[in-house]
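To start, the structure under review is shown below, and the notes come after it.
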Amino acid sequence: MYLSVWPGKPYPLGATWDGKGTNFALFSEHATGVELCLFDKKGRETRLKLTEVSNFVWHGYVPSIGPGQRYGFRVHGPFAPQEGHRFNPSKLLIDPYAKAVDGDIRFGEEIFGYRWGDEAEDLSYSELDDAHLVPKSIVIDEYFDWEGDDLLQTPRHETIVYEVHVRGFTKLHPEIPPELRGSYAGLGHPAAISHLQSLGVTAVELMPVHHFLACPGHLAGKGLRNYWGYDSINYLAPYAGYSASGKQGQQVTEFKQMVKALHRAGIEVILDVVYNHTGEGNQMGPTLSLRGIDNASYYRLVEGMPRYYMDFTGCGNSLNVRHPQVLKLIMDSLRYWVLEMHVDGFRFDLASALARELYAVDRLASFFDIIHQDPILADVKLIAEPWDVGEGGYQVGEFPLLWSEWNGKYRDTVRDFWRGEDSRLAEFAYRFTGSSDLYQSNGRNPSASINFITAHDGFTLHDLVSYNEKHNEANGEENRDGESHNRSWNCGAEGDTDDPDILALRQKQQRNFLVTLMLSQGIPMLVSGDEMGRSQKGNNNAYCQDNELSWLHWDLQEDNDQLLNFTRELIHFRRNHPIFRRRKWFQGRAIRGSGVNDIAWFNPDGKRMTEEQWHDGFAKAIGIFLNGQEILTPGAYGERIVDDSFLMLFNAHYEPLDFFLPAGLNKWAWLTLIDTTQPRMIEDGDCHEGGTASHQYTDDKPITVAERSIVLLKCLGMA
């Protein structure tokens, strides 16, 4: 069949169907020729030369080509690795602007631009054709009936984030049809959404869904896969492997249906995005897309030795965000996911790498300037993982306005506090109140802090209290991978045990972590499965475990069922009480005339903390008064916000402690609402089944707080 190619247009990039034909456009500054490769249903290839070039964009319009057409590119140019160029037209390339990709890349010698086994391998040239191993880009029809759906724009201070893996969350869910498990449709299923709603989270943060390299070379032959997905190959296409239908191009519609269903349930969708590197790796990696399209433009190459890649990520390469086209690719991707896919925000993996104009991290890098000026992106949630592996890459607290950050200092401080490590109470106080020492000076609010105890990377909450050491043998790297300093404590036995005292302590420690997290100022993030005691058997780097080790198990044991109910009650308690999710910082003084400060800090003897005690590394206990009458900021309609007042008593010591009510507060009656020695929260003086009777306290007796536990008291008014 003869196909003509009209000049077409240089923009938009990618494949754009107009109802009659499709325009194709590809940027390559250093190419000498570009071929559009069309594939029929039997895999037969037709090559069409794109002869029109405008501003380094190679383009052409092909009449009669429409949705469902599979295609790729072959790009001609110099193969000169020592000059930074790695063109090789024997390699079929994935369109970086494709909206859908039809499957996984299959591993084989053919996908590499050099010959295996040669001396100085990456300098050699491979003529092996890889079209049979490389998935094809797909022309799509972008129309979708959103039925009035729009971004939810949940206020940041009301946000509760739930980090979730699309596949692992529903793969074993018994109430979801087997054919939908592990897919976008599975996450959008009523049974999955029911769990999210009952839990009370306001946003799901999806681990990477950009189309990624599922089986990189170092996992090939081990029976393992890239489960986490942090090796993106395309930034506009949702990963095909999470589509339940399996039909080419349907992953786009399925993703949109999932978002629409979550939005109807009041749940935002945040994407974990990996714009710092790609799955093509270093000079020894495969040629799949950007490397073969224009290596010298898309990647940061070592100055003076452009054969090699700058690597701020530990993954082999770093995108060249200084190049205008790379910036454009990222921005076009972000806008597409907001405008066409209705995504509510983004969490940027290793975001410090994006800020590197030269070798240093620059807060005012072009990337951030452009986002701040963009009317679409300036109004969505932007979350940074504020570090990379390069020098000076740990940038917690250094990101600009509009950004929230994963607060690694919060994680480390709270872990150290509850495992009994000597640390300053001042550090704990900063983290509990939103980390004003990190975010206040540059005009940000407590919601700049994404508070977390665990994340996908590291121990689960169950394993944090069950293991002192990592146990990553299943990864096939002789337990060398993963973080060795976990700030964990196994409570007296490594891993599984039948000791009832150790098991009870582990349950209590999990409740301590959850209460601290959910009642701290800032945005809490919970990892899916932590509410149900999910374990990875001590594996703190399960990136390659696409199996039951990583998937959520829904057949809960009694202890895990109690933990789930406790977490639900705790999250809804936070949502019902604005004192725990203030928009602005505490002032440490009386504001509205109640005569009592908005926050106050006490020793167990009821006296105010002294300067020496704040910096005493041996102190393990503190009382915190939160005044619900002294919330300065108004509500959404200008109304005054008033809440109950609370007294929180933290005891990380290994023995029980008596706390005395502070002067001024001892004239009031207090009711126990939370005691982490109990498996459930206490409501209005009535304890749930399995607990003990709640207590009211006045001036005449101290409050005994058990070892390693928290007690939360609500003020009932004058005694």
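If you're wondering about the labels, chains in the structure tokens are A, B, ... by order shown, residues count from 1 in each chain, ligands from 1 in order shown.
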
Near region 267-273 of chain A, within 8 Å and counting only C-alpha atoms, which residues show up once chain neighbours fewer than 3 positions away are dropped, as an mmCIF file with C-alpha atoms, in the first residue's frame?
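Produced file out_20.cif, reproduced below:
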data_model
loop_
_atom_site.group_PDB
_atom_site.id
_atom_site.type_symbol
_atom_site.label_atom_id
_atom_site.label_comp_id
_atom_site.auth_asym_id
_atom_site.auth_seq_id
_atom_site.Cartn_x
_atom_site.Cartn_y
_atom_site.Cartn_z
ATOM 1 C CA LEU A 151 -9.467 18.751 39.655
ATOM 2 C CA LEU A 152 -10.604 18.486 43.280
ATOM 3 C CA GLN A 153 -8.148 21.052 44.702
ATOM 4 C CA THR A 154 -8.381 19.766 48.258
ATOM 5 C CA VAL A 201 -7.296 9.551 52.980
ATOM 6 C CA THR A 202 -7.845 12.452 50.584
ATOM 7 C CA ALA A 203 -5.255 11.627 47.897
ATOM 8 C CA VAL A 204 -3.559 8.612 46.395
ATOM 9 C CA GLU A 205 0.051 9.113 45.346
ATOM 10 C CA LEU A 206 0.639 6.562 42.599
ATOM 11 C CA MET A 207 4.098 5.106 42.232
ATOM 12 C CA PRO A 208 5.366 5.617 38.655
ATOM 13 C CA VAL A 209 2.819 5.017 35.900
ATOM 14 C CA HIS A 210 4.789 6.605 33.058
ATOM 15 C CA VAL A 259 -9.257 9.068 37.829
ATOM 16 C CA LEU A 262 -11.534 8.381 42.386
ATOM 17 C CA HIS A 263 -12.591 12.000 41.929
ATOM 18 C CA ARG A 264 -16.230 11.049 42.391
ATOM 19 C CA VAL A 343 -4.202 14.490 37.580
ATOM 20 C CA ASP A 344 -4.239 16.657 40.720
ATOM 21 C CA GLY A 345 -0.530 16.906 41.420
ATOM 22 C CA PHE A 346 2.957 15.438 41.182
ATOM 23 C CA ARG A 347 5.642 14.077 43.456
ATOM 24 C CA PHE A 348 9.047 14.605 41.784
ATOM 25 C CA ASP A 349 11.524 11.789 42.346
ATOM 26 C CA LYS A 381 0.055 20.027 44.200
#

task = Looking only at strand (DSSP E or B) from DSSP on the backbone, list the matching residues of region 13-152 of chain A as an NGL selection string.
result = :A and (14-17 or 21-27 or 33-39 or 45-50 or 52-54 or 57-63 or 70-76 or 79-80 or 85-86 or 93 or 101 or 137-138)

Could you write out the selected residues, including C-alpha atoms, as a JSON list (two decimals), in the first residue's frame?
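Once everything was written out, this is result-v3.json:
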[["chain", "number", "residue", "atom", "x", "y", "z"],
["A", 14, "GLY", "CA", 4.31, 13.42, 18.75],
["A", 15, "ALA", "CA", 1.43, 11.88, 16.80],
["A", 16, "THR", "CA", -1.73, 13.98, 16.44],
["A", 17, "TRP", "CA", -4.83, 12.60, 14.74],
["A", 21, "GLY", "CA", -4.93, 11.67, 9.11],
["A", 22, "THR", "CA", -2.07, 11.95, 11.58],
["A", 23, "ASN", "CA", 0.70, 14.51, 11.95],
["A", 24, "PHE", "CA", 4.04, 13.21, 13.24],
["A", 25, "ALA", "CA", 6.71, 15.48, 14.71],
["A", 26, "LEU", "CA", 10.03, 14.64, 16.39],
["A", 27, "PHE", "CA", 12.71, 16.96, 17.79],
["A", 33, "GLY", "CA", 17.61, 12.07, 8.80],
["A", 34, "VAL", "CA", 14.45, 10.67, 10.38],
["A", 35, "GLU", "CA", 12.29, 7.76, 9.23],
["A", 36, "LEU", "CA", 8.74, 7.22, 10.43],
["A", 37, "CYS", "CA", 8.17, 3.48, 10.77],
["A", 38, "LEU", "CA", 4.57, 2.18, 10.53],
["A", 39, "PHE", "CA", 3.69, -1.37, 11.55],
["A", 45, "GLU", "CA", 7.20, -2.38, 8.73],
["A", 46, "THR", "CA", 6.78, 0.50, 6.28],
["A", 47, "ARG", "CA", 9.36, 3.29, 6.45],
["A", 48, "LEU", "CA", 8.56, 6.86, 5.42],
["A", 49, "LYS", "CA", 11.18, 9.59, 5.30],
["A", 50, "LEU", "CA", 10.36, 12.85, 7.08],
["A", 52, "GLU", "CA", 10.51, 18.62, 6.48],
["A", 53, "VAL", "CA", 12.55, 20.20, 9.27],
["A", 54, "SER", "CA", 11.52, 23.30, 11.22],
["A", 57, "VAL", "CA", 11.67, 19.37, 14.45],
["A", 58, "TRP", "CA", 11.27, 16.68, 11.79],
["A", 59, "HIS", "CA", 7.65, 16.44, 10.73],
["A", 60, "GLY", "CA", 5.17, 15.04, 8.23],
["A", 61, "TYR", "CA", 1.45, 14.38, 7.81],
["A", 62, "VAL", "CA", 0.21, 10.98, 6.66],
["A", 63, "PRO", "CA", -3.38, 10.93, 5.35],
["A", 70, "ARG", "CA", 1.54, 1.40, 15.67],
["A", 71, "TYR", "CA", 4.70, 3.32, 14.86],
["A", 72, "GLY", "CA", 8.25, 4.22, 15.85],
["A", 73, "PHE", "CA", 11.20, 6.20, 14.53],
["A", 74, "ARG", "CA", 14.62, 5.43, 13.13],
["A", 75, "VAL", "CA", 16.99, 8.37, 13.39],
["A", 76, "HIS", "CA", 20.13, 8.82, 11.30],
["A", 79, "PHE", "CA", 27.65, 7.42, 15.75],
["A", 80, "ALA", "CA", 30.46, 9.14, 17.65],
["A", 85, "HIS", "CA", 26.41, 11.20, 19.59],
["A", 86, "ARG", "CA", 24.92, 7.68, 19.51],
["A", 93, "LEU", "CA", 12.91, 4.26, 18.86],
["A", 101, "VAL", "CA", 2.95, 2.34, 24.05],
["A", 137, "SER", "CA", 4.08, 3.82, 19.95],
["A", 138, "ILE", "CA", 0.34, 4.09, 19.24]]

query = When you draw a straight line from CA of Pro500 (chain A) to CA of Asp559 (chain A), how long is it in Å?
reply =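 Computing the Euclidean distance for CA of Pro500 (chain A) and CA of Asp559 (chain A) yields 11.7 Å.
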
inquiry  = Please identify the alpha helix (DSSP H) residues within region 352-513 of chain A (assignment by DSSP from backbone atoms) and present them as an NGL selection string.
reply    = :A and (366-373 or 408-418 or 425-432 or 436-439 or 461-464 or 500-513)

Extract, using only C-alpha atoms, all DNA, RNA and protein residues at most 12 Å from Lys328 (chain A), discarding same-chain residues fewer than 6 positions from it, and format them as a CSV table (one decimal) with C-alpha atoms, in the first residue's frame.
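around.csv written:
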chain,number,residue,atom,x,y,z
A,12,PRO,CA,2.5,19.7,18.5
A,13,LEU,CA,5.2,17.1,18.9
A,27,PHE,CA,12.7,17.0,17.8
A,96,PRO,CA,9.0,10.5,23.6
A,97,TYR,CA,5.6,12.2,22.9
A,235,TYR,CA,6.6,10.7,30.0
A,275,TYR,CA,12.0,13.4,35.2
A,298,TYR,CA,18.6,15.1,26.1
A,320,ASN,CA,19.8,17.7,30.6
A,321,VAL,CA,17.2,20.1,32.1
A,322,ARG,CA,19.3,23.0,30.9
A,334,LEU,CA,3.1,17.8,33.2
A,335,ARG,CA,0.5,19.9,31.4
A,336,TYR,CA,-0.8,16.8,29.5
A,366,SER,CA,14.9,27.4,35.2
A,367,PHE,CA,12.8,24.4,35.9
A,370,ILE,CA,8.9,27.9,34.5
A,371,ILE,CA,6.6,26.0,36.7

task = Measure the distance from CA of Ala448 (chain A) to CA of Gly635 (chain A) in Å and round it to one decimal.
result = 19.1 Å

task = Measure the distance from CA of Ala220 (chain A) to CA of Ala474 (chain A) in Å and round it to one decimal.
result = 14.6 Å

Shortest interatomic distance to His462 (chain A) - which of A:Met331, A:Leu514, A:Ile631, A:Leu401, counting only C-alpha atoms =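 Using only C-alpha atoms, the shortest distance to His462 (chain A) belongs to A:Leu514.
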
Contact residues around Met525 (chain A) with only C-alpha atoms at 9 Å, ignoring same-chain residues under 2 positions, as a PDB file with all heavy atoms, in the first residue's frame:
ATOM      1  N   ILE A 160      -4.426  14.325  53.140  1.00  0.00           N
ATOM      2  CA  ILE A 160      -3.803  13.135  53.727  1.00  0.00           C
ATOM      3  C   ILE A 160      -3.435  12.222  52.570  1.00  0.00           C
ATOM      4  O   ILE A 160      -4.314  11.747  51.834  1.00  0.00           O
ATOM      5  CB  ILE A 160      -4.748  12.420  54.708  1.00  0.00           C
ATOM      6  CG1 ILE A 160      -5.144  13.355  55.851  1.00  0.00           C
ATOM      7  CG2 ILE A 160      -4.081  11.155  55.268  1.00  0.00           C
ATOM      8  CD1 ILE A 160      -6.230  12.806  56.750  1.00  0.00           C
ATOM      9  N   VAL A 161      -2.150  11.985  52.381  1.00  0.00           N
ATOM     10  CA  VAL A 161      -1.644  11.270  51.208  1.00  0.00           C
ATOM     11  C   VAL A 161      -1.485   9.784  51.527  1.00  0.00           C
ATOM     12  O   VAL A 161      -1.031   9.401  52.614  1.00  0.00           O
ATOM     13  CB  VAL A 161      -0.292  11.863  50.763  1.00  0.00           C
ATOM     14  CG1 VAL A 161       0.281  11.073  49.586  1.00  0.00           C
ATOM     15  CG2 VAL A 161      -0.453  13.331  50.381  1.00  0.00           C
ATOM     16  N   TYR A 162      -1.850   8.963  50.543  1.00  0.00           N
ATOM     17  CA  TYR A 162      -1.734   7.501  50.660  1.00  0.00           C
ATOM     18  C   TYR A 162      -0.900   7.025  49.483  1.00  0.00           C
ATOM     19  O   TYR A 162      -1.347   7.049  48.338  1.00  0.00           O
ATOM     20  CB  TYR A 162      -3.136   6.905  50.630  1.00  0.00           C
ATOM     21  CG  TYR A 162      -3.266   5.421  50.894  1.00  0.00           C
ATOM     22  CD1 TYR A 162      -3.094   4.895  52.171  1.00  0.00           C
ATOM     23  CD2 TYR A 162      -3.629   4.547  49.869  1.00  0.00           C
ATOM     24  CE1 TYR A 162      -3.263   3.539  52.424  1.00  0.00           C
ATOM     25  CE2 TYR A 162      -3.810   3.189  50.104  1.00  0.00           C
ATOM     26  CZ  TYR A 162      -3.622   2.700  51.387  1.00  0.00           C
ATOM     27  OH  TYR A 162      -3.809   1.350  51.634  1.00  0.00           O
ATOM     28  N   GLU A 163       0.340   6.626  49.741  1.00  0.00           N
ATOM     29  CA  GLU A 163       1.226   6.172  48.665  1.00  0.00           C
ATOM     30  C   GLU A 163       0.852   4.741  48.278  1.00  0.00           C
ATOM     31  O   GLU A 163       0.791   3.853  49.137  1.00  0.00           O
ATOM     32  CB  GLU A 163       2.691   6.231  49.103  1.00  0.00           C
ATOM     33  CG  GLU A 163       3.645   5.972  47.941  1.00  0.00           C
ATOM     34  CD  GLU A 163       5.086   5.833  48.357  1.00  0.00           C
ATOM     35  OE1 GLU A 163       5.343   5.305  49.463  1.00  0.00           O
ATOM     36  OE2 GLU A 163       5.966   6.229  47.580  1.00  0.00           O
ATOM     37  N   ILE A 450       5.772  17.319  54.003  1.00  0.00           N
ATOM     38  CA  ILE A 450       5.123  16.017  53.852  1.00  0.00           C
ATOM     39  C   ILE A 450       5.744  15.112  54.912  1.00  0.00           C
ATOM     40  O   ILE A 450       6.893  14.686  54.799  1.00  0.00           O
ATOM     41  CB  ILE A 450       5.330  15.418  52.450  1.00  0.00           C
ATOM     42  CG1 ILE A 450       4.817  16.372  51.369  1.00  0.00           C
ATOM     43  CG2 ILE A 450       4.648  14.058  52.354  1.00  0.00           C
ATOM     44  CD1 ILE A 450       3.316  16.579  51.356  1.00  0.00           C
ATOM     45  N   ASN A 451       4.990  14.858  55.969  1.00  0.00           N
ATOM     46  CA  ASN A 451       5.481  14.043  57.071  1.00  0.00           C
ATOM     47  C   ASN A 451       5.285  12.569  56.754  1.00  0.00           C
ATOM     48  O   ASN A 451       4.208  12.160  56.326  1.00  0.00           O
ATOM     49  CB  ASN A 451       4.732  14.383  58.357  1.00  0.00           C
ATOM     50  CG  ASN A 451       4.883  15.843  58.759  1.00  0.00           C
ATOM     51  OD1 ASN A 451       5.918  16.461  58.500  1.00  0.00           O
ATOM     52  ND2 ASN A 451       3.868  16.397  59.389  1.00  0.00           N
ATOM     53  N   PHE A 452       6.307  11.782  56.972  1.00  0.00           N
ATOM     54  CA  PHE A 452       6.172  10.346  56.744  1.00  0.00           C
ATOM     55  C   PHE A 452       7.113   9.592  57.668  1.00  0.00           C
ATOM     56  O   PHE A 452       8.177  10.102  58.053  1.00  0.00           O
ATOM     57  CB  PHE A 452       6.427   9.987  55.278  1.00  0.00           C
ATOM     58  CG  PHE A 452       7.844  10.197  54.795  1.00  0.00           C
ATOM     59  CD1 PHE A 452       8.696   9.123  54.606  1.00  0.00           C
ATOM     60  CD2 PHE A 452       8.322  11.475  54.503  1.00  0.00           C
ATOM     61  CE1 PHE A 452       9.995   9.315  54.150  1.00  0.00           C
ATOM     62  CE2 PHE A 452       9.620  11.677  54.043  1.00  0.00           C
ATOM     63  CZ  PHE A 452      10.459  10.590  53.865  1.00  0.00           C
ATOM     64  N   ILE A 453       6.695   8.397  58.047  1.00  0.00           N
ATOM     65  CA  ILE A 453       7.528   7.491  58.832  1.00  0.00           C
ATOM     66  C   ILE A 453       8.160   6.457  57.913  1.00  0.00           C
ATOM     67  O   ILE A 453       9.312   6.075  58.063  1.00  0.00           O
ATOM     68  CB  ILE A 453       6.691   6.767  59.914  1.00  0.00           C
ATOM     69  CG1 ILE A 453       5.910   7.779  60.771  1.00  0.00           C
ATOM     70  CG2 ILE A 453       7.588   5.901  60.791  1.00  0.00           C
ATOM     71  CD1 ILE A 453       6.759   8.711  61.578  1.00  0.00           C
ATOM     72  N   THR A 454       7.375   5.993  56.949  1.00  0.00           N
ATOM     73  CA  THR A 454       7.842   5.013  55.974  1.00  0.00           C
ATOM     74  C   THR A 454       7.442   5.475  54.584  1.00  0.00           C
ATOM     75  O   THR A 454       6.555   6.313  54.415  1.00  0.00           O
ATOM     76  CB  THR A 454       7.232   3.627  56.243  1.00  0.00           C
ATOM     77  OG1 THR A 454       5.810   3.732  56.163  1.00  0.00           O
ATOM     78  CG2 THR A 454       7.622   3.103  57.614  1.00  0.00           C
ATOM     79  N   ALA A 455       8.092   4.907  53.579  1.00  0.00           N
ATOM     80  CA  ALA A 455       7.759   5.143  52.178  1.00  0.00           C
ATOM     81  C   ALA A 455       8.002   3.836  51.433  1.00  0.00           C
ATOM     82  O   ALA A 455       8.429   2.836  52.033  1.00  0.00           O
ATOM     83  CB  ALA A 455       8.602   6.280  51.600  1.00  0.00           C
ATOM     84  N   LEU A 517       2.352  10.651  63.611  1.00  0.00           N
ATOM     85  CA  LEU A 517       2.231  11.087  62.227  1.00  0.00           C
ATOM     86  C   LEU A 517       0.940  11.852  61.990  1.00  0.00           C
ATOM     87  O   LEU A 517       0.947  12.959  61.427  1.00  0.00           O
ATOM     88  CB  LEU A 517       2.295   9.875  61.294  1.00  0.00           C
ATOM     89  CG  LEU A 517       2.050  10.126  59.807  1.00  0.00           C
ATOM     90  CD1 LEU A 517       3.162  10.983  59.223  1.00  0.00           C
ATOM     91  CD2 LEU A 517       1.947   8.795  59.047  1.00  0.00           C
ATOM     92  N   MET A 518      -0.178  11.297  62.405  1.00  0.00           N
ATOM     93  CA  MET A 518      -1.477  11.883  62.064  1.00  0.00           C
ATOM     94  C   MET A 518      -1.814  13.120  62.886  1.00  0.00           C
ATOM     95  O   MET A 518      -2.655  13.921  62.468  1.00  0.00           O
ATOM     96  CB  MET A 518      -2.582  10.838  62.226  1.00  0.00           C
ATOM     97  CG  MET A 518      -2.538   9.766  61.159  1.00  0.00           C
ATOM     98  SD  MET A 518      -2.722  10.481  59.486  1.00  0.00           S
ATOM     99  CE  MET A 518      -2.171   9.078  58.484  1.00  0.00           C
ATOM    100  N   ILE A 523       1.444  17.772  56.236  1.00  0.00           N
ATOM    101  CA  ILE A 523       0.652  16.815  55.452  1.00  0.00           C
ATOM    102  C   ILE A 523       1.160  15.411  55.753  1.00  0.00           C
ATOM    103  O   ILE A 523       2.308  15.087  55.451  1.00  0.00           O
ATOM    104  CB  ILE A 523       0.769  17.105  53.949  1.00  0.00           C
ATOM    105  CG1 ILE A 523       0.230  18.498  53.616  1.00  0.00           C
ATOM    106  CG2 ILE A 523       0.037  16.039  53.138  1.00  0.00           C
ATOM    107  CD1 ILE A 523       0.418  18.900  52.164  1.00  0.00           C
ATOM    108  N   VAL A 527       1.855   4.893  53.857  1.00  0.00           N
ATOM    109  CA  VAL A 527       2.153   3.945  52.789  1.00  0.00           C
ATOM    110  C   VAL A 527       1.100   2.847  52.795  1.00  0.00           C
ATOM    111  O   VAL A 527       0.755   2.311  53.847  1.00  0.00           O
ATOM    112  CB  VAL A 527       3.555   3.335  52.972  1.00  0.00           C
ATOM    113  CG1 VAL A 527       3.844   2.308  51.890  1.00  0.00           C
ATOM    114  CG2 VAL A 527       4.602   4.426  52.953  1.00  0.00           C
TER     115      VAL A 527
END

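For Cys491 (chain A), the set of protein, DNA and RNA residues having any atom at most 9 Å away, when counting only C-alpha atoms and skipping those fewer than 6 positions along the same chain, is Arg419, Val465, Ser466, Tyr467, Asn468, Ile502, Leu503, Leu505, Arg506 and Gln509 of chain A.
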
task = Tell me, as a PyMOL selection string, which residues lie within 12 Å of Leu354 (chain A), counting only C-alpha atoms; anything in the same chain fewer than 3 positions away does not count.
result = chain A and resi 273-277+299-300+311-313+318-323+326-327+330+348-351+357-369+384-388+390+393+395+399

Keeping only N, CA and C atoms, write the selected residues as a compact mmCIF listing (two decimals), in the first residue's frame.
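Done, and the output landed in out20.txt:
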# COMPACT_ATOMS: atom_id res chain seq x y z
N VAL A 273 6.55 11.11 39.64
CA VAL A 273 7.14 11.26 38.30
C VAL A 273 8.66 11.28 38.39
N VAL A 274 9.30 10.73 37.35
CA VAL A 274 10.75 10.53 37.36
C VAL A 274 11.35 11.26 36.17
N TYR A 275 11.48 12.58 36.30
CA TYR A 275 12.03 13.39 35.22
C TYR A 275 13.54 13.61 35.38
N ASN A 276 14.15 12.96 36.34
CA ASN A 276 15.58 13.20 36.57
C ASN A 276 16.46 12.29 35.73
N HIS A 277 15.96 11.09 35.37
CA HIS A 277 16.74 10.17 34.54
C HIS A 277 15.77 9.30 33.75
N TYR A 299 20.60 14.44 27.33
CA TYR A 299 21.27 13.97 28.55
C TYR A 299 22.40 14.90 28.97
N ARG A 300 22.65 14.94 30.29
CA ARG A 300 23.81 15.65 30.82
C ARG A 300 25.04 14.78 30.60
N ASP A 311 25.74 11.64 36.46
CA ASP A 311 24.78 10.78 37.16
C ASP A 311 24.52 11.31 38.56
N PHE A 312 23.48 12.13 38.68
CA PHE A 312 23.08 12.65 39.99
C PHE A 312 22.02 11.77 40.65
N THR A 313 21.68 10.66 39.99
CA THR A 313 20.56 9.85 40.45
C THR A 313 20.96 8.46 40.91
N SER A 318 21.43 11.47 33.79
CA SER A 318 20.59 12.57 34.27
C SER A 318 20.10 13.35 33.06
N LEU A 319 18.83 13.70 33.05
CA LEU A 319 18.31 14.50 31.95
C LEU A 319 18.96 15.88 31.94
N ASN A 320 19.14 16.41 30.76
CA ASN A 320 19.77 17.71 30.59
C ASN A 320 18.70 18.81 30.68
N VAL A 321 18.28 19.13 31.89
CA VAL A 321 17.18 20.07 32.08
C VAL A 321 17.58 21.49 31.65
N ARG A 322 18.85 21.72 31.41
CA ARG A 322 19.28 23.03 30.91
C ARG A 322 18.88 23.25 29.45
N HIS A 323 18.62 22.16 28.71
CA HIS A 323 18.30 22.29 27.29
C HIS A 323 16.84 22.68 27.13
N VAL A 326 14.40 19.78 26.46
CA VAL A 326 14.17 18.89 27.59
C VAL A 326 13.19 19.53 28.57
N LEU A 327 13.38 20.81 28.81
CA LEU A 327 12.42 21.54 29.64
C LEU A 327 11.03 21.48 29.02
N ILE A 330 9.39 18.04 29.56
CA ILE A 330 8.88 17.88 30.93
C ILE A 330 7.61 18.69 31.13
N PHE A 348 7.89 14.66 42.68
CA PHE A 348 9.05 14.60 41.78
C PHE A 348 10.16 13.80 42.43
N ASP A 349 10.46 12.66 41.86
CA ASP A 349 11.52 11.79 42.35
C ASP A 349 12.87 12.49 42.19
N LEU A 350 13.69 12.41 43.26
CA LEU A 350 15.03 13.01 43.25
C LEU A 350 15.01 14.40 42.61
N ALA A 351 14.16 15.26 43.16
CA ALA A 351 13.92 16.56 42.53
C ALA A 351 15.14 17.46 42.52
N GLU A 357 21.62 23.48 37.59
CA GLU A 357 21.96 24.23 36.39
C GLU A 357 23.38 23.86 35.93
N LEU A 358 24.29 23.78 36.87
CA LEU A 358 25.64 23.32 36.55
C LEU A 358 25.91 22.10 37.43
N TYR A 359 26.74 22.24 38.44
CA TYR A 359 26.98 21.13 39.34
C TYR A 359 26.27 21.34 40.67
N ALA A 360 25.97 22.59 41.00
CA ALA A 360 25.31 22.88 42.26
C ALA A 360 23.81 22.87 42.09
N VAL A 361 23.12 22.66 43.20
CA VAL A 361 21.67 22.74 43.19
C VAL A 361 21.29 24.20 43.36
N ASP A 362 20.48 24.71 42.46
CA ASP A 362 20.09 26.12 42.44
C ASP A 362 18.59 26.20 42.68
N ARG A 363 18.19 26.85 43.77
CA ARG A 363 16.77 26.96 44.08
C ARG A 363 16.01 27.70 42.99
N LEU A 364 16.69 28.55 42.26
CA LEU A 364 16.02 29.35 41.23
C LEU A 364 16.34 28.81 39.84
N ALA A 365 16.52 27.50 39.75
CA ALA A 365 16.80 26.90 38.45
C ALA A 365 15.64 27.15 37.49
N SER A 366 15.95 27.08 36.21
CA SER A 366 14.95 27.38 35.18
C SER A 366 13.70 26.52 35.34
N PHE A 367 13.89 25.28 35.74
CA PHE A 367 12.77 24.37 35.88
C PHE A 367 11.72 24.94 36.83
N PHE A 368 12.17 25.44 37.97
CA PHE A 368 11.23 25.96 38.96
C PHE A 368 10.65 27.30 38.52
N ASP A 369 11.45 28.12 37.88
CA ASP A 369 10.94 29.40 37.37
C ASP A 369 9.79 29.17 36.40
N ALA A 384 8.25 17.64 46.25
CA ALA A 384 9.62 17.31 45.89
C ALA A 384 10.17 16.23 46.82
N GLU A 385 10.85 15.25 46.23
CA GLU A 385 11.78 14.45 47.02
C GLU A 385 13.08 15.24 47.00
N PRO A 386 13.40 15.96 48.07
CA PRO A 386 14.41 17.02 47.99
C PRO A 386 15.85 16.54 48.17
N TRP A 387 16.21 15.50 47.44
CA TRP A 387 17.60 15.06 47.47
C TRP A 387 17.91 14.29 46.20
N ASP A 388 19.20 14.17 45.90
CA ASP A 388 19.70 13.25 44.89
C ASP A 388 21.02 12.72 45.42
N GLY A 390 24.07 13.30 44.18
CA GLY A 390 25.22 14.14 43.88
C GLY A 390 25.67 14.97 45.08
N GLY A 393 23.37 17.37 47.31
CA GLY A 393 22.04 17.03 46.82
C GLY A 393 20.97 16.98 47.88
N GLN A 395 18.59 18.61 50.00
CA GLN A 395 18.08 19.97 49.97
C GLN A 395 16.76 20.11 50.72
N PHE A 399 13.47 24.17 48.89
CA PHE A 399 12.68 24.35 47.68
C PHE A 399 11.82 25.62 47.79

task = Find the residues around Gly588 (chain A) up to 9 Å (only C-alpha atoms counted), leave out those fewer than 3 positions away in its own chain, and share them as a ChimeraX atom specification.
result = /A:597-600

query = Hey, which of A:Val166, A:Ser645, A:Gly292, A:Gln325 ends up closest to Asn55 (chain A)? Count only C-alpha atoms.
reply = A:Gln325

ask   = Which residue gives the smallest distance to Gly533 (chain A) among A:His30, A:Asp374, A:Ser520, A:Asp555, with only C-alpha atoms counted?
value =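 Using only C-alpha atoms, the shortest distance to Gly533 (chain A) belongs to A:Asp555.
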
Given only C-alpha atoms as the counted atoms, nearest of A:Asp379, A:Asp332, A:Glu427, A:Glu142 to Gln613 (chain A) =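 Of the candidates, the smallest distance to Gln613 (chain A) is held by A:Glu427.
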